[in-house]
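Presented below is the structure to which this report refers.
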Amino acid sequence: MIGALLLLAVAATLAAGTLLAAWLDRRLAGGGGIASLAADWLAGPVRTEAPDDMNRRLAPAWYLALAAAGLCVVPFAPGHAAIDSPAGIAIWGACEALTVVVVFLHGWSPNAPFPLIGAYRYAAIGLPAMLPSMFVLIAAALPAESLSLVAIVDSQRGAWNVLRQPLGLPLFAVAILSLTLRGPMDYADGADIAGGTSAEEAGPARALWQAARLAMLVSACAMAATLFLGGPLGPVLPGPVWLWLKTAGMMAAILALGARIARPPPARMLGLVWTVLLPLSFLHLLISGVIAL
Amino acid sequence: MTDLVIAALCLFAVWTGWRVFRVDSMVRASFSLMLSFVAVGAVGVVLSAPYIGIATIFMMAVEMMVMAIFMVMFMMNPAGLNPMVMVHQHRVAAVAGGLAFAGLAAAVLAADPPAARVATGTDTVAALGHELLGPSMLIFETAGVTLLATMVGAVILSSRRGRFGPADDGSRPPGLEPGGPPAGRQPEGGGGHHHHH
Amino acid sequence: MSHLARLAATAPAPVFAAIGPGLAPAVERLLARPGLRRAATPREAALLLVAGAIPDRAAGALDRVHDQVPHPRRTVRWDGTGDIERALLDARADLLGGGESAPDRRPDAPPAPWRGKGDHGQGGEGMMGGTPYGRPMAMTGADIRDGLQLDRYTARVGPFAPMLPPGLVLEVTLQGDVIVAVEVQAPAFDQPAEADAPDLVAARMLRLLGLPGAADRVAAGGRPRAAGLLRAVPPGLVPVGGRDARDRLAGCLAGRSQEIEPPDLAALLPGLEWAEAMLALASLPPSSLAQEALAA
Amino acid sequence: MTTLVILSLWTALAAFAASRALPEAASTAPQAAPFLGGGTPDTHAWSRYHFRPYTMTLVFVAFEMEMMFMYPWAVVFVSEGPKALAEMGMFLAILSVGLLYGWREGVFAWE
């Protein structure tokens, strides 16, 4: 019974969150907004020369499914998640890894030059950009003594992780930007490659892909709120409401951040990820470890 | 019920594994193999080894992504625009496959799996952690160092750019005195990339 | 009109601009208006804005871009006068109300005949031969960076590529995303002096740095309000006259206009990664890539 | 088991939705041609794509594999105490050596 309710909550959060994300995207980051999604949906489809049809149609679906799967491990109330697995954060990590695969397939499948460049660029940056987020997940598991997000939420009853692990949220923000193809980490869809993996996509397929990007934003921000802001913990209001509020706040912050940081060419970013972000995440794990003991 | 699910997952793993050799595109082949491993990971999840199952999926997603990159990079006709046969040396392949299957099947039948069920509520992840920090510490550390050696080896073998110039120029360190012979130990003959100035 | 169409009608009209001689600055400022959306590719657009008199040499390219816009689509021509925003919005409203879509301008024929040829009728033979699905496959060639002999992809980009100045046609050969050879096939169209204005040059660079909002603010005379602008540009990128792309961006943001001698693109671009090359090109004032400049 | 059921549920739902929402499309030849700003390509885009940071991916895979050990380790970190801290120090040291070596050889770049 509670399980069905939680699944319903996941679906509702994803749907409402996607609409909110589209609205915020338009207000804060100059994105298309809900009306543009509708406009894309109404446009006619395009099939490129000899494409990989199966992967072309499935890529947006997998992206959406990964967003939903990721959101399932997030507790909506203290002690209750749709998937309360002892390997919760590993499930989220697997969703991150599969996102790289899905974005690559999206760019590979049209058999066209700009999407192809976008796909490979994303693989080059998206793969190593996952490493800092793995350190962040591992560090969050230290004080909780568990990989389950329910336990991670419980461990924050005293103090939120954003205080105990100060480097965590900024590092995870990089992962969110990379997962949702935004701002400085959007190597799939650059303007120099005419929109990259989406350059040959029109009509419902484009609308679905854009919606999936926003859904992934909801999911990733809910995860950030759970890892660092105590998830559903909070006074007076019921747990889910706190989670929604924190998630919406994270979404606004990520959208504003993404629209205000320049994106270097990929070769430069690759160096930054390995030589700046990765040492920082070592430091983060060390600090979190010492504090947890 | 569990048995049925496991059987279905195994069938899926075998089917996607078979697809690897039937699709023409290197990308499809790589990700078919990934799906096969995902099914194997899912079997792990069903068998009360959630971490190992999910970690398999996690690792294989990343590794098959890298594999797809290299397959496309080095294989002729990587997208299968011209249909082709993905299996070479049919007879050898069939014999090798049969032998491998027989060997693995024998190993499975000969093994003595623990009969006791894992009690519900056992924290298998913590048990794994204690094992890694306890009896299996040496294995764990050896794995760490082995992987470091892998990293260094991969870099040496694949990188053209070296500390002292491109690898195909010998990547020679500068001399200790200006114009002198390169510093460090000299490779013994047959290196193929000697520069005599 | 369905509910969805009514909702879609409130969205900014997605416009892909094919810019001819003389109108580049006007179009760049036009597309920053809130009622319009600059489409990065014709696939994203419903309207094709043809600004100015397109020279004959670009007529075929214009038809190709036109046919790539998904249905329902409409072309709007603009000579630089009149209320073009109104015209675009009217065309958009008409399309959403069920107005007729413009038919293809080029014949529906594949780039090379292929049907029925080859063992499986896919147009190819063996592993690499023939023209499967109408095009040959790429072949290997030398590389400039690490010497691996992998496939080269040769294509002509432009004259309406949004990342290049309008009119410029480059025949580029890529290995991966690194440019290994460039030939300038046609120079950029002549544009008024305003196209070289520092704010527009800066805006073009900001757009390539993933900051469309900041680009619009700068083009409207404001501050970019974004972080890491100069650091994002790799140092030493395409130096011309002792100043690299980063210096040029800093100069443009400070409002200094620049005099640049025409660069030799065929010598400067090979060896650069695509994003770096496009950033370097955007940092040059378009007049330095126009006819008399390249002829000199 | 619940995990598996829920994850397969989302996957199946999404795949079903995509197959309904995105019907097989057909385009005329001029519409199907790849977008190059009005230009034309000589060949198919699918090719032996020269992925530049290939050395990086090899270092990455080894790195990633090493990190998979850290998840179970994180769970017992507090209960094992200083031993686990020393362990982490060693692990980070090993990873740092790999990182430093890669950096010195310049593999985190576009070849």
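Numbering starts fresh at 1 for the residues of each chain in the structure tokens, the chains themselves are lettered A, B, ... in the order given, and ligands are numbered from 1 as they appear.
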Residues of chain C no more than 9 Å from chain D, counting only C-alpha atoms: send them over as a VMD selection string.
chain C and resid 18 41 to 43 58 60 to 70 104 to 111 131 to 132 134 to 140 145 to 146 148 to 164 169 to 171 175 to 178 273
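Summary of the local environment: counting only C-alpha atoms, residues at most 10 Å from Val5 in chain B, other than itself and those fewer than 3 positions away along its chain, are Met1, Thr2, Ala8, Leu9, Cys10, Leu11, Ala42, Val43 and Val46 of chain B; Met1 and Leu4 of chain D.
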Write the residues of the preceding selection, restricted to C-alpha atoms, as a PDB file, in the first residue's frame.
ATOM      1  CA  MET B   1       8.946 -17.059  -8.128  1.00  0.00           C
ATOM      2  CA  THR B   2      12.572 -16.057  -7.545  1.00  0.00           C
ATOM      3  CA  ALA B   8      14.108 -15.098 -17.256  1.00  0.00           C
ATOM      4  CA  LEU B   9      17.090 -12.858 -16.527  1.00  0.00           C
ATOM      5  CA  CYS B  10      19.498 -15.603 -17.551  1.00  0.00           C
ATOM      6  CA  LEU B  11      17.635 -16.120 -20.803  1.00  0.00           C
ATOM      7  CA  ALA B  42      20.039  -8.032 -11.798  1.00  0.00           C
ATOM      8  CA  VAL B  43      20.467 -11.716 -10.902  1.00  0.00           C
ATOM      9  CA  VAL B  46      17.687 -10.927  -6.700  1.00  0.00           C
TER      10      VAL B  46
ATOM     11  CA  MET D   1      13.138  -8.106  -5.815  1.00  0.00           C
ATOM     12  CA  LEU D   4      14.069  -5.043  -9.788  1.00  0.00           C
TER      13      LEU D   4
END
Going by DSSP on the backbone, which bits of chain B are helix (DSSP H, G or I)? Write them as a count of residues only, please.
120
Closest to chain B among A:Ala15, A:Met134, A:Ile254, A:Ala212, using only C-alpha atoms?
A:Met134
For a quick test of understanding: name the residues of chain B lying within 9 Å of chain D when counting only C-alpha atoms, and present them as a ChimeraX atom specification.
/B:2,42,45-48,51,55,59,62-63,66,69-79,81,125-130,132-133,140-141,143-145,147-152,154-163
Please identify all residues of chain C having at least one atom at most 9 Å from any atom of chain B, considering only C-alpha atoms, and return them as number ranges by chain.
C: 118-120, 122-130, 132-133, 137, 146-147, 150-151
Check the smallest atom-to-atom distance from each of A:Ser148, A:Ser133, A:Thr13, A:Thr18 to chain B using only C-alpha atoms, then report the winner.
A:Ser148
Using only C-alpha atoms, which of A:Leu14, A:Leu149, A:Leu229, A:Ala35 sits nearest chain C?
A:Ala35
Between chain A and chain C, at 6 Å or less, what are the per-residue closest atom pairs and their distances in Å? Count only C-alpha atoms, order by chain and rising residue number, and return it as CSV.
residue,atom,partner,partner_atom,distance
A:Ala35,CA,C:Ala11,CA,4.8
A:Ser36,CA,C:Ala11,CA,5.1
A:Ala38,CA,C:Ala8,CA,5.1
A:Ala39,CA,C:Ala8,CA,4.4
A:Gly44,CA,C:His71,CA,5.0
A:Ala191,CA,C:Leu208,CA,5.3
A:Asp192,CA,C:Met163,CA,5.3
A:Ala194,CA,C:Ala40,CA,5.0
A:Gly195,CA,C:Ala40,CA,5.8
A:Ala199,CA,C:Thr41,CA,5.9
A:Glu200,CA,C:Arg43,CA,5.9
A:Ala202,CA,C:Arg43,CA,5.1
A:Arg260,CA,C:Ala226,CA,4.3
A:Ile261,CA,C:Ala227,CA,4.8
A:Ala262,CA,C:Leu209,CA,5.3
A:Arg263,CA,C:Leu209,CA,4.9
A:Pro264,CA,C:Ala232,CA,4.1
A:Pro265,CA,C:Ala275,CA,5.6
Give the residues of chain A that lie within 7 Å of chain B; count only C-alpha atoms, and format the answer as a list in words.
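Those within range of chain B come out as Ala87, Ala90, Ile91, Gly93, Ala94, Ala97, Leu98 and Val101 of chain A.
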For the interface of chain A with chain D (cut-off 6 Å, counting only C-alpha atoms), please tabulate each contacting residue of chain A alongside its nearest pair of atoms and their separation in Å to one decimal, rows sorted by chain and increasing number, as a Markdown table.
| residue | atom | partner | partner_atom | distance |
| --- | --- | --- | --- | --- |
| A:Val46 | CA | D:Ser27 | CA | 5.9 |
| A:Arg47 | CA | D:Ser27 | CA | 5.4 |
| A:Thr48 | CA | D:Ala32 | CA | 4.2 |
| A:Glu49 | CA | D:Ala32 | CA | 5.3 |
| A:Ala61 | CA | D:Ala14 | CA | 4.9 |
| A:Ala65 | CA | D:Thr11 | CA | 5.3 |
| A:Ala69 | CA | D:Leu7 | CA | 5.9 |
| A:Ile83 | CA | D:Thr3 | CA | 5.6 |
| A:Asn111 | CA | D:Ala45 | CA | 5.5 |
| A:Ala112 | CA | D:Ala45 | CA | 5.1 |
| A:Pro113 | CA | D:Ala45 | CA | 5.2 |
| A:Ile138 | CA | D:Tyr71 | CA | 5.9 |
| A:Leu142 | CA | D:Ala74 | CA | 5.1 |
| A:Glu145 | CA | D:Val75 | CA | 4.3 |
| A:Ser146 | CA | D:Val75 | CA | 4.8 |
| A:Ala267 | CA | D:Trp110 | CA | 5.5 |
| A:Gly271 | CA | D:Phe108 | CA | 5.4 |
Residues of the last selection are to be written out with C-alpha atoms, as an mmCIF file, in the first residue's frame.
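What ended up in again.cif:
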data_model
loop_
_atom_site.group_PDB
_atom_site.id
_atom_site.type_symbol
_atom_site.label_atom_id
_atom_site.label_comp_id
_atom_site.auth_asym_id
_atom_site.auth_seq_id
_atom_site.Cartn_x
_atom_site.Cartn_y
_atom_site.Cartn_z
ATOM 1 C CA VAL A 46 12.669 14.173 -39.186
ATOM 2 C CA ARG A 47 14.411 10.932 -40.065
ATOM 3 C CA THR A 48 18.044 11.377 -41.063
ATOM 4 C CA GLU A 49 19.936 9.350 -43.685
ATOM 5 C CA ALA A 61 12.848 6.951 -23.261
ATOM 6 C CA ALA A 65 13.486 5.979 -17.257
ATOM 7 C CA ALA A 69 14.749 5.134 -11.446
ATOM 8 C CA ILE A 83 13.226 1.555 -3.364
ATOM 9 C CA ASN A 111 24.442 9.352 -38.407
ATOM 10 C CA ALA A 112 25.239 13.061 -38.754
ATOM 11 C CA PRO A 113 28.448 14.980 -37.995
ATOM 12 C CA ILE A 138 30.844 7.681 -0.757
ATOM 13 C CA LEU A 142 30.416 7.586 5.874
ATOM 14 C CA GLU A 145 27.271 3.787 7.888
ATOM 15 C CA SER A 146 25.063 2.643 5.033
ATOM 16 C CA ALA A 267 40.074 19.802 -24.075
ATOM 17 C CA GLY A 271 42.215 19.000 -17.756
#
State, in Å with one decimal place, the distance from CA of Arg256 in chain C to CA of Gly190 in chain A.
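Taking CA of Arg256 in chain C and CA of Gly190 in chain A, their separation equals 27.3 Å.
Closest approach to Phe21 in chain B from the set B:Ala100, B:Ala94, B:Val87, B:Pro174 is made by B:Val87, with distances taken over only C-alpha atoms.
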Near Glu28 in chain C, counting only C-alpha atoms, which residues have an atom at most 12 Å away, once you skip same-chain residues fewer than 3 positions from it, shown as a ChimeraX atom specification?
/C:15-19,22-25,31-33,36-38,49,51,162,165-166,194-195,197,199-201,203-204,207,212,215-216,218-220
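With only C-alpha atoms as the atoms that count, the residue of A:Met185, A:Leu243, A:Leu257, A:Leu169 with the shortest distance to Val273 in chain A is A:Met185.
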Per DSSP on the backbone, what are the strand (DSSP E or B) residues of range 13-212 of chain C, as a PyMOL selection string?
chain C and resi 13-19+36-38+47-51+74-78+139-141+150-157+169-175+178-186+188
Save the residues we just selected, C-alpha atoms, as a CSV table (one decimal), in the first residue's frame?
chain,number,residue,atom,x,y,z
C,13,ALA,CA,8.7,31.7,-32.5
C,14,PRO,CA,11.7,29.5,-33.4
C,15,VAL,CA,13.5,31.1,-36.3
C,16,PHE,CA,16.5,29.9,-38.2
C,17,ALA,CA,18.2,32.8,-40.0
C,18,ALA,CA,19.9,32.6,-43.4
C,19,ILE,CA,21.7,35.9,-43.5
C,36,LEU,CA,11.6,35.1,-31.1
C,37,ARG,CA,13.9,32.2,-30.4
C,38,ARG,CA,17.2,31.8,-32.2
C,47,LEU,CA,10.4,29.7,-39.7
C,48,LEU,CA,13.3,30.3,-42.1
C,49,LEU,CA,14.2,34.0,-42.1
C,50,VAL,CA,16.0,34.9,-45.3
C,51,ALA,CA,17.6,38.3,-44.7
C,74,ARG,CA,7.4,28.9,-43.8
C,75,THR,CA,10.0,31.2,-45.3
C,76,VAL,CA,9.9,34.9,-44.4
C,77,ARG,CA,12.0,37.3,-46.5
C,78,TRP,CA,13.3,40.5,-45.1
C,139,MET,CA,38.4,6.4,-45.6
C,140,THR,CA,41.6,6.5,-43.5
C,141,GLY,CA,44.2,9.2,-43.7
C,150,LEU,CA,41.8,6.7,-38.7
C,151,ASP,CA,38.9,7.9,-40.9
C,152,ARG,CA,38.7,11.4,-42.2
C,153,TYR,CA,35.4,13.2,-42.6
C,154,THR,CA,35.4,15.9,-45.3
C,155,ALA,CA,32.4,18.3,-45.6
C,156,ARG,CA,31.7,21.8,-46.7
C,157,VAL,CA,30.3,23.9,-43.8
C,169,VAL,CA,32.1,28.3,-46.7
C,170,LEU,CA,34.9,26.1,-45.4
C,171,GLU,CA,35.8,22.7,-46.7
C,172,VAL,CA,37.0,21.0,-43.6
C,173,THR,CA,38.5,17.6,-43.1
C,174,LEU,CA,38.0,16.3,-39.6
C,175,GLN,CA,39.5,13.4,-37.7
C,178,VAL,CA,40.1,17.9,-34.7
C,179,ILE,CA,40.5,19.8,-38.0
C,180,VAL,CA,43.2,18.3,-40.1
C,181,ALA,CA,42.7,20.4,-43.3
C,182,VAL,CA,40.8,23.5,-44.3
C,183,GLU,CA,40.1,25.2,-47.6
C,184,VAL,CA,38.2,28.5,-47.8
C,185,GLN,CA,35.7,27.9,-50.6
C,186,ALA,CA,33.9,31.2,-50.3
C,188,ALA,CA,32.0,35.8,-45.7
In Å, how far is it from CA of Gln210 in chain A to CA of Pro60 in chain A?
8.4 Å
